[in-house]
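**Student:** I am sharing model_28.cif, which consists of mmCIF, C-alpha atoms:
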```cif
data_final
#
loop_
_atom_site.label_atom_id
_atom_site.label_comp_id
_atom_site.auth_asym_id
_atom_site.auth_seq_id
_atom_site.Cartn_x
_atom_site.Cartn_y
_atom_site.Cartn_z
CA MET A 1 -0.16 62.44 -34.32
CA THR A 2 2.45 63.24 -31.71
CA SER A 3 5.22 65.68 -32.40
CA GLN A 4 8.70 65.21 -31.06
CA THR A 5 9.84 66.71 -27.78
CA THR A 6 13.30 68.22 -27.99
CA VAL A 7 15.46 69.37 -25.11
CA GLU A 8 18.71 71.17 -25.72
CA ARG A 9 21.28 73.11 -23.80
CA THR A 10 21.50 76.00 -26.24
CA SER A 11 24.23 77.92 -24.42
CA ASP A 12 26.20 77.99 -21.20
CA ARG A 13 23.21 79.51 -19.44
CA GLU A 14 20.20 78.28 -21.41
CA MET A 15 18.04 75.19 -21.72
CA ILE A 16 15.17 74.86 -24.17
CA ALA A 17 12.38 72.29 -24.31
CA THR A 18 9.93 72.41 -27.20
CA ARG A 19 7.01 70.55 -28.72
CA VAL A 20 3.97 71.12 -30.92
CA VAL A 21 0.70 70.55 -29.08
CA ASN A 22 -2.40 69.63 -31.02
CA GLY A 23 -4.69 72.54 -30.16
CA PRO A 24 -5.08 76.32 -30.42
CA ALA A 25 -2.90 78.61 -28.31
CA HIS A 26 -5.71 79.93 -26.07
CA LEU A 27 -6.51 76.41 -24.85
CA VAL A 28 -2.87 75.43 -24.40
CA PHE A 29 -2.35 78.67 -22.48
CA ASP A 30 -5.32 77.81 -20.22
CA ALA A 31 -3.73 74.45 -19.46
CA TRP A 32 -0.58 76.29 -18.32
CA THR A 33 -2.30 78.86 -16.14
CA LYS A 34 -5.32 77.23 -14.49
CA PRO A 35 -4.37 75.14 -11.44
CA GLU A 36 -7.04 72.47 -11.99
CA LEU A 37 -5.70 71.91 -15.54
CA MET A 38 -2.03 72.29 -14.68
CA MET A 39 -2.34 69.58 -12.02
CA ARG A 40 -3.41 67.10 -14.67
CA TRP A 41 -0.21 67.20 -16.67
CA TRP A 42 2.71 69.04 -15.04
CA ALA A 43 3.62 66.07 -12.83
CA PRO A 44 3.37 63.08 -15.18
CA LYS A 45 1.78 60.00 -13.66
CA SER A 46 4.34 57.78 -15.32
CA PHE A 47 7.01 59.42 -13.15
CA GLY A 48 5.23 58.50 -9.94
CA ILE A 49 5.05 62.14 -8.89
CA THR A 50 1.86 63.49 -7.33
CA PHE A 51 0.72 67.04 -6.79
CA LEU A 52 0.19 67.87 -3.15
CA SER A 53 -0.87 71.43 -3.87
CA CYS A 54 -0.92 73.88 -6.76
CA GLU A 55 -1.45 77.60 -6.26
CA ILE A 56 -1.30 79.74 -9.37
CA ASP A 57 -2.09 83.43 -9.71
CA ALA A 58 -1.26 83.82 -13.40
CA ARG A 59 -1.19 87.59 -13.66
CA THR A 60 1.84 89.78 -14.21
CA GLY A 61 3.14 90.26 -10.66
CA GLY A 62 1.23 87.22 -9.38
CA SER A 63 2.91 84.23 -7.76
CA TYR A 64 2.81 80.43 -7.83
CA ARG A 65 3.64 77.62 -5.46
CA LEU A 66 3.72 73.93 -6.43
CA GLU A 67 4.26 71.02 -4.05
CA PHE A 68 4.95 67.48 -5.18
CA GLY A 69 5.37 64.17 -3.48
CA HIS A 70 7.06 60.94 -4.49
CA PRO A 71 7.04 57.63 -2.62
CA ASP A 72 10.85 57.64 -2.45
CA PHE A 73 11.05 61.09 -0.89
CA ASP A 74 10.29 61.73 2.74
CA GLN A 75 9.73 65.44 2.17
CA PRO A 76 7.68 67.21 -0.48
CA MET A 77 9.46 69.02 -3.31
CA VAL A 78 8.43 72.66 -3.37
CA PHE A 79 8.75 75.09 -6.27
CA PHE A 80 7.69 78.72 -6.16
CA GLY A 81 8.22 82.08 -7.80
CA ARG A 82 6.59 85.07 -9.44
CA TYR A 83 5.04 85.72 -12.83
CA THR A 84 6.86 88.66 -14.37
CA ASN A 85 4.95 88.66 -17.65
CA VAL A 86 1.63 87.03 -18.42
CA SER A 87 0.38 87.87 -21.93
CA PRO A 88 -2.34 85.44 -22.98
CA PRO A 89 -2.21 83.45 -25.11
CA HIS A 90 1.34 84.05 -26.34
CA LEU A 91 3.75 84.48 -23.49
CA LEU A 92 4.37 83.43 -19.90
CA VAL A 93 7.46 84.42 -17.90
CA TRP A 94 8.18 83.37 -14.32
CA THR A 95 11.00 83.33 -11.80
CA ASN A 96 12.17 80.21 -9.95
CA ASP A 97 12.78 81.30 -6.39
CA GLU A 98 12.94 78.04 -4.41
CA GLY A 99 16.74 77.85 -4.53
CA GLU A 100 19.04 79.61 -2.16
CA ASP A 101 20.66 81.66 -4.92
CA GLU A 102 19.18 83.60 -7.80
CA GLY A 103 17.20 81.12 -9.89
CA ALA A 104 16.51 80.66 -13.58
CA ILE A 105 13.97 82.74 -15.49
CA THR A 106 11.50 80.58 -17.39
CA THR A 107 9.97 82.00 -20.57
CA VAL A 108 7.25 80.01 -22.29
CA THR A 109 6.03 81.01 -25.74
CA PHE A 110 2.94 79.70 -27.53
CA GLU A 111 2.95 80.02 -31.34
CA GLU A 112 -0.19 78.87 -33.11
CA THR A 113 -0.17 77.63 -36.72
CA ASP A 114 -3.16 75.89 -38.34
CA GLY A 115 -4.79 75.05 -35.03
CA ARG A 116 -1.62 73.61 -33.53
CA THR A 117 0.64 75.35 -31.05
CA ARG A 118 4.40 75.21 -30.72
CA VAL A 119 5.30 75.49 -27.04
CA THR A 120 8.86 76.57 -26.26
CA VAL A 121 10.10 76.50 -22.68
CA HIS A 122 13.25 78.53 -22.25
CA ASP A 123 15.20 78.50 -18.98
CA LEU A 124 17.79 81.23 -18.58
CA TYR A 125 20.16 80.72 -15.66
CA PRO A 126 22.00 83.64 -14.06
CA SER A 127 25.39 82.08 -14.88
CA LYS A 128 27.08 79.07 -16.47
CA GLU A 129 27.97 77.91 -12.96
CA SER A 130 24.36 77.94 -11.84
CA LEU A 131 23.23 75.77 -14.76
CA ASP A 132 26.21 73.42 -14.31
CA GLN A 133 25.33 73.20 -10.67
CA ALA A 134 21.66 72.48 -11.38
CA ILE A 135 22.80 69.63 -13.60
CA ALA A 136 25.45 68.35 -11.18
CA SER A 137 23.11 68.29 -8.21
CA GLY A 138 20.11 67.15 -10.23
CA SER A 139 18.17 69.92 -8.56
CA THR A 140 16.27 71.26 -11.56
CA GLY A 141 15.03 67.89 -12.68
CA ALA A 142 15.22 66.13 -9.38
CA TRP A 143 13.05 63.24 -10.46
CA PRO A 144 13.86 59.65 -9.55
CA GLU A 145 13.85 58.66 -13.24
CA GLN A 146 16.76 60.96 -13.75
CA PHE A 147 18.54 59.69 -10.70
CA GLN A 148 18.41 56.33 -12.38
CA SER A 149 20.28 57.46 -15.47
CA LEU A 150 22.63 59.35 -13.22
CA ASP A 151 23.16 56.21 -11.25
CA ASP A 152 23.84 54.15 -14.37
CA LEU A 153 26.50 56.67 -15.13
CA LEU A 154 27.95 56.43 -11.64
CA VAL A 155 28.23 52.69 -12.11
CA GLU A 156 29.90 53.23 -15.44
CA LEU A 157 32.43 55.64 -13.97
CA ALA A 158 33.17 53.50 -10.93
CA MET B 1 26.29 47.62 -21.50
CA VAL B 2 26.44 48.93 -17.98
CA GLN B 3 25.80 46.39 -15.24
CA TYR B 4 22.76 47.60 -13.35
CA SER B 5 23.41 47.99 -9.67
CA THR B 6 20.41 48.05 -7.35
CA SER B 7 22.40 48.74 -4.21
CA ARG B 8 24.07 51.71 -5.85
CA LEU B 9 20.68 52.99 -6.99
CA ASP B 10 19.25 52.55 -3.50
CA ALA B 11 22.21 54.44 -2.09
CA SER B 12 21.58 57.34 -4.49
CA PHE B 13 17.88 57.46 -3.68
CA ALA B 14 18.56 57.42 0.03
CA ALA B 15 21.23 60.07 -0.31
CA LEU B 16 19.03 62.41 -2.33
CA SER B 17 15.83 61.89 -0.35
CA ASP B 18 16.95 64.31 2.34
CA ALA B 19 16.68 68.08 1.93
CA THR B 20 19.86 68.81 3.91
CA ARG B 21 21.86 66.41 1.75
CA ARG B 22 20.47 67.98 -1.41
CA GLY B 23 21.47 71.34 0.06
CA VAL B 24 24.98 70.04 0.74
CA LEU B 25 25.31 68.94 -2.91
CA GLU B 26 24.12 72.34 -4.08
CA ARG B 27 26.61 74.03 -1.76
CA LEU B 28 29.48 71.81 -2.96
CA GLY B 29 28.48 72.62 -6.53
CA ARG B 30 29.78 76.11 -5.85
CA SER B 31 33.00 75.20 -4.07
CA ASP B 32 34.60 72.61 -1.82
CA ALA B 33 33.89 72.97 1.88
CA SER B 34 34.97 71.49 5.20
CA ILE B 35 32.61 69.51 7.42
CA THR B 36 32.74 72.40 9.90
CA GLU B 37 31.68 74.92 7.26
CA LEU B 38 28.83 72.66 6.16
CA ALA B 39 27.70 72.07 9.74
CA ASP B 40 27.64 75.84 10.37
CA LYS B 41 25.79 76.55 7.19
CA PHE B 42 23.06 74.01 7.88
CA HIS B 43 22.95 74.74 11.63
CA MET B 44 23.90 71.21 12.62
CA THR B 45 26.33 69.52 14.94
CA LEU B 46 29.57 68.21 13.46
CA THR B 47 28.43 64.66 14.20
CA GLY B 48 25.15 65.23 12.40
CA MET B 49 26.86 66.67 9.35
CA LYS B 50 29.45 63.86 9.32
CA LYS B 51 26.58 61.38 9.06
CA HIS B 52 25.01 63.23 6.13
CA VAL B 53 28.34 63.48 4.33
CA GLY B 54 28.94 59.78 5.01
CA VAL B 55 25.68 58.90 3.26
CA LEU B 56 26.58 61.09 0.27
CA GLU B 57 30.05 59.60 0.18
CA GLN B 58 28.68 56.09 0.13
CA ALA B 59 26.47 56.93 -2.80
CA GLY B 60 29.54 58.24 -4.65
CA LEU B 61 28.06 61.74 -4.81
CA VAL B 62 30.73 63.30 -2.61
CA THR B 63 34.37 62.55 -1.87
CA THR B 64 36.26 63.72 1.20
CA GLU B 65 39.89 64.17 2.01
CA LYS B 66 41.47 64.84 5.38
CA VAL B 67 44.37 67.24 5.46
CA GLY B 68 45.68 67.86 8.97
CA ARG B 69 42.61 68.31 11.13
CA VAL B 70 40.31 69.47 8.36
CA ARG B 71 38.16 67.14 6.27
CA THR B 72 37.35 68.76 2.91
CA CYS B 73 34.29 67.66 0.92
CA ARG B 74 33.83 67.98 -2.81
CA LEU B 75 31.36 66.72 -5.40
CA GLY B 76 32.02 63.17 -6.55
CA ARG B 77 33.35 62.15 -9.91
CA LEU B 78 30.02 62.32 -11.67
CA ARG B 79 30.15 66.13 -11.63
CA LEU B 80 29.32 67.22 -15.14
CA GLU B 81 30.04 64.03 -17.02
CA ASP B 82 26.40 63.19 -16.51
CA GLU B 83 25.14 66.19 -18.49
CA ALA B 84 24.01 64.04 -21.42
CA ALA B 85 22.16 61.68 -19.09
CA TRP B 86 20.58 64.62 -17.30
CA ILE B 87 19.41 66.18 -20.55
CA GLU B 88 17.92 62.87 -21.68
CA GLY B 89 16.15 62.58 -18.32
CA HIS B 90 14.87 66.13 -18.72
CA ARG B 91 13.65 65.30 -22.23
CA ARG B 92 11.78 62.25 -20.95
CA LEU B 93 10.13 64.38 -18.29
CA TRP B 94 9.01 67.00 -20.82
CA ASP B 95 7.89 64.30 -23.26
CA ALA B 96 5.66 62.74 -20.59
CA ARG B 97 4.39 66.17 -19.60
CA PHE B 98 3.56 67.15 -23.16
CA ASP B 99 1.76 63.83 -23.72
CA ASP B 100 -0.49 64.57 -20.74
CA LEU B 101 -0.85 68.22 -21.81
CA ASP B 102 -1.95 67.07 -25.27
CA ALA B 103 -4.67 64.95 -23.67
CA VAL B 104 -5.89 67.88 -21.57
CA VAL B 105 -5.96 70.17 -24.62
CA GLN B 106 -7.90 67.55 -26.63
CA GLU B 107 -10.52 67.52 -23.93
CA LEU B 108 -10.71 71.34 -23.85
CA LYS B 109 -11.14 71.33 -27.63
CA GLN B 110 -14.02 68.88 -27.44
CA LYS B 111 -15.65 70.91 -24.70
CA GLU B 112 -15.28 74.15 -26.68
CA LYS B 113 -16.83 72.51 -29.73
CA ALA B 114 -19.73 71.19 -27.67
CA ASP B 115 -20.33 74.64 -26.19
CA ASP B 116 -20.49 76.31 -29.61
#
```
Could you write out this file's structure as structure tokens?

**Tutor:**
Amino acid sequence: MTSQTTVERTSDREMIATRVVNGPAHLVFDAWTKPELMMRWWAPKSFGITFLSCEIDARTGGSYRLEFGHPDFDQPMVFFGRYTNVSPPHLLVWTNDEGEDEGAITTVTFEETDGRTRVTVHDLYPSKESLDQAIASGSTGAWPEQFQSLDDLLVELA
Amino acid sequence: MVQYSTSRLDASFAALSDATRRGVLERLGRSDASITELADKFHMTLTGMKKHVGVLEQAGLVTTEKVGRVRTCRLGRLRLEDEAAWIEGHRRLWDARFDDLDAVVQELKQKEKADD
């Protein structure tokens, strides 16, 4: 049984993605913090994205660096930052430092009920402008799939 | 129904495949800028920056306007009208991620059971 994924802009500065995963929190947490597990799901195959490298030091104060490739991109996409709170198996907080300006803070919570875990991914941007800008430039979700819907829209507006 | 345009899509892909051009979009997200300002910021020649802006302009991501001797660049019309499309794209990404995550967690569950 698959639960529904919801994504919402909950305020000027916040985006939330959530879903219930069929397993206990300690295992879901492992999948979010061990590189060999993370690499199997963070870049979905159906999006044509591949992991080039994945370095994760999931301790409070530790850092991460993820590199992805896509056949349509000549350069890898790089994401990096620091873990500011790692409290297994309930909470994971990291910074997103790859941008030029202050980035969003990502807070992931894991709430277990009856062997299933609700995962909530909360992105808090420093300002309304920075979230608007992430959306306008497609930088946060810079995946080709999204460029396609963006492009459909361009055609519609033209 | 929107007529699907391959050439437009190709233009967008090409425009966004370059790190400098993505940087230019990010920069223009904050405020309009002249070609000279952009060239300075990205440590490029004016000619080089003009080419990048030309590619973005062709993809409809940027518009430019020349006033006197200064050509000002701003984000194209899509600006924030595409928020709904972006959110749907984001949802599809997370949906695909969570599907794969579910599969990984199933496997971990099996393994844990077997180890007990």

**Student:** How many Å lie between atom CA of Phe29 of chain A and atom CA of His122 of chain A, rounded to one decimal?

**Tutor:**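 For atom CA of Phe29 of chain A relative to atom CA of His122 of chain A, the distance reads 15.6 Å.
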
**Student:** What are the residues of chain B lining chain A at 6 Å or less? Count all atoms listed in the file, and put the answer as a compact mmCIF listing (two decimals) with C-alpha atoms, in the coordinates of the input.

**Tutor:**
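And here's result39.txt as it stands now:
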```
# COMPACT_ATOMS: atom_id res chain seq x y z
CA LEU B 9 20.68 52.99 -6.99
CA SER B 17 15.83 61.89 -0.35
CA LEU B 25 25.31 68.94 -2.91
CA GLU B 26 24.12 72.34 -4.08
CA GLY B 29 28.48 72.62 -6.53
CA ARG B 79 30.15 66.13 -11.63
CA LEU B 80 29.32 67.22 -15.14
CA ALA B 85 22.16 61.68 -19.09
CA GLY B 89 16.15 62.58 -18.32
CA ARG B 91 13.65 65.30 -22.23
CA ASP B 95 7.89 64.30 -23.26
CA ALA B 96 5.66 62.74 -20.59
CA ARG B 97 4.39 66.17 -19.60
CA ASP B 100 -0.49 64.57 -20.74
CA LEU B 101 -0.85 68.22 -21.81
CA ASP B 102 -1.95 67.07 -25.27
```

**Student:** Expressed in Å to a single decimal, how great is the separation between atom CA of Val104 of chain B and atom CA of Ser53 of chain A?

**Tutor:**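 Calculated distance between atom CA of Val104 of chain B and atom CA of Ser53 of chain A is 18.7 Å.
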
**Student:** Give me, as a list in words, all polymer residues having an atom no more than 10 Å from segment 62-71 of chain B, counting all atoms listed in the file and skipping those fewer than 2 positions away in the same chain.

**Tutor:**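 Once the nearby chain positions are removed, what remains is Val24, Leu25, Leu28, Asp32, Ala33, Ser34, Ile35, Thr36, Lys50, Val53, Gly54, Val55, Leu56, Glu57, Gln58, Ala59, Gly60, Cys73, Arg74, Leu75, Gly76, Arg77, Leu78 and Arg79 of chain B.
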
**Student:** Put those residues in a file: C-alpha atoms, as a PDB file, in the coordinates of the input.

**Tutor:**
```pdb
ATOM      1  CA  VAL B  24      24.980  70.040   0.740  1.00  0.00           C
ATOM      2  CA  LEU B  25      25.310  68.940  -2.910  1.00  0.00           C
ATOM      3  CA  LEU B  28      29.480  71.810  -2.960  1.00  0.00           C
ATOM      4  CA  ASP B  32      34.600  72.610  -1.820  1.00  0.00           C
ATOM      5  CA  ALA B  33      33.890  72.970   1.880  1.00  0.00           C
ATOM      6  CA  SER B  34      34.970  71.490   5.200  1.00  0.00           C
ATOM      7  CA  ILE B  35      32.610  69.510   7.420  1.00  0.00           C
ATOM      8  CA  THR B  36      32.740  72.400   9.900  1.00  0.00           C
ATOM      9  CA  LYS B  50      29.450  63.860   9.320  1.00  0.00           C
ATOM     10  CA  VAL B  53      28.340  63.480   4.330  1.00  0.00           C
ATOM     11  CA  GLY B  54      28.940  59.780   5.010  1.00  0.00           C
ATOM     12  CA  VAL B  55      25.680  58.900   3.260  1.00  0.00           C
ATOM     13  CA  LEU B  56      26.580  61.090   0.270  1.00  0.00           C
ATOM     14  CA  GLU B  57      30.050  59.600   0.180  1.00  0.00           C
ATOM     15  CA  GLN B  58      28.680  56.090   0.130  1.00  0.00           C
ATOM     16  CA  ALA B  59      26.470  56.930  -2.800  1.00  0.00           C
ATOM     17  CA  GLY B  60      29.540  58.240  -4.650  1.00  0.00           C
ATOM     18  CA  CYS B  73      34.290  67.660   0.920  1.00  0.00           C
ATOM     19  CA  ARG B  74      33.830  67.980  -2.810  1.00  0.00           C
ATOM     20  CA  LEU B  75      31.360  66.720  -5.400  1.00  0.00           C
ATOM     21  CA  GLY B  76      32.020  63.170  -6.550  1.00  0.00           C
ATOM     22  CA  ARG B  77      33.350  62.150  -9.910  1.00  0.00           C
ATOM     23  CA  LEU B  78      30.020  62.320 -11.670  1.00  0.00           C
ATOM     24  CA  ARG B  79      30.150  66.130 -11.630  1.00  0.00           C
TER      25      ARG B  79
END
```

**Student:** Go ahead and find all residues with at least one atom no further than 9 Å from (7.0, 75.2, -3.0) in the file's coordinates, using only C-alpha atoms; report them as a VMD selection string.

**Tutor:** chain A and resid 53 to 54 64 to 68 76 to 81 98

**Student:** For atom CA of Ala104 of chain A and atom CA of Glu37 of chain B, determine how far apart the two atoms are, in Å to one decimal place.

**Tutor:** 26.4 Å

**Student:** Up to 6 Å from (23.0, 75.2, 3.3) in the file's coordinates: name the residues, counting all atoms listed in the file, as a list in words.

**Tutor:**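 Using all atoms listed in the file, the matching residues come out as Gly23, Lys41 and Phe42 of chain B.
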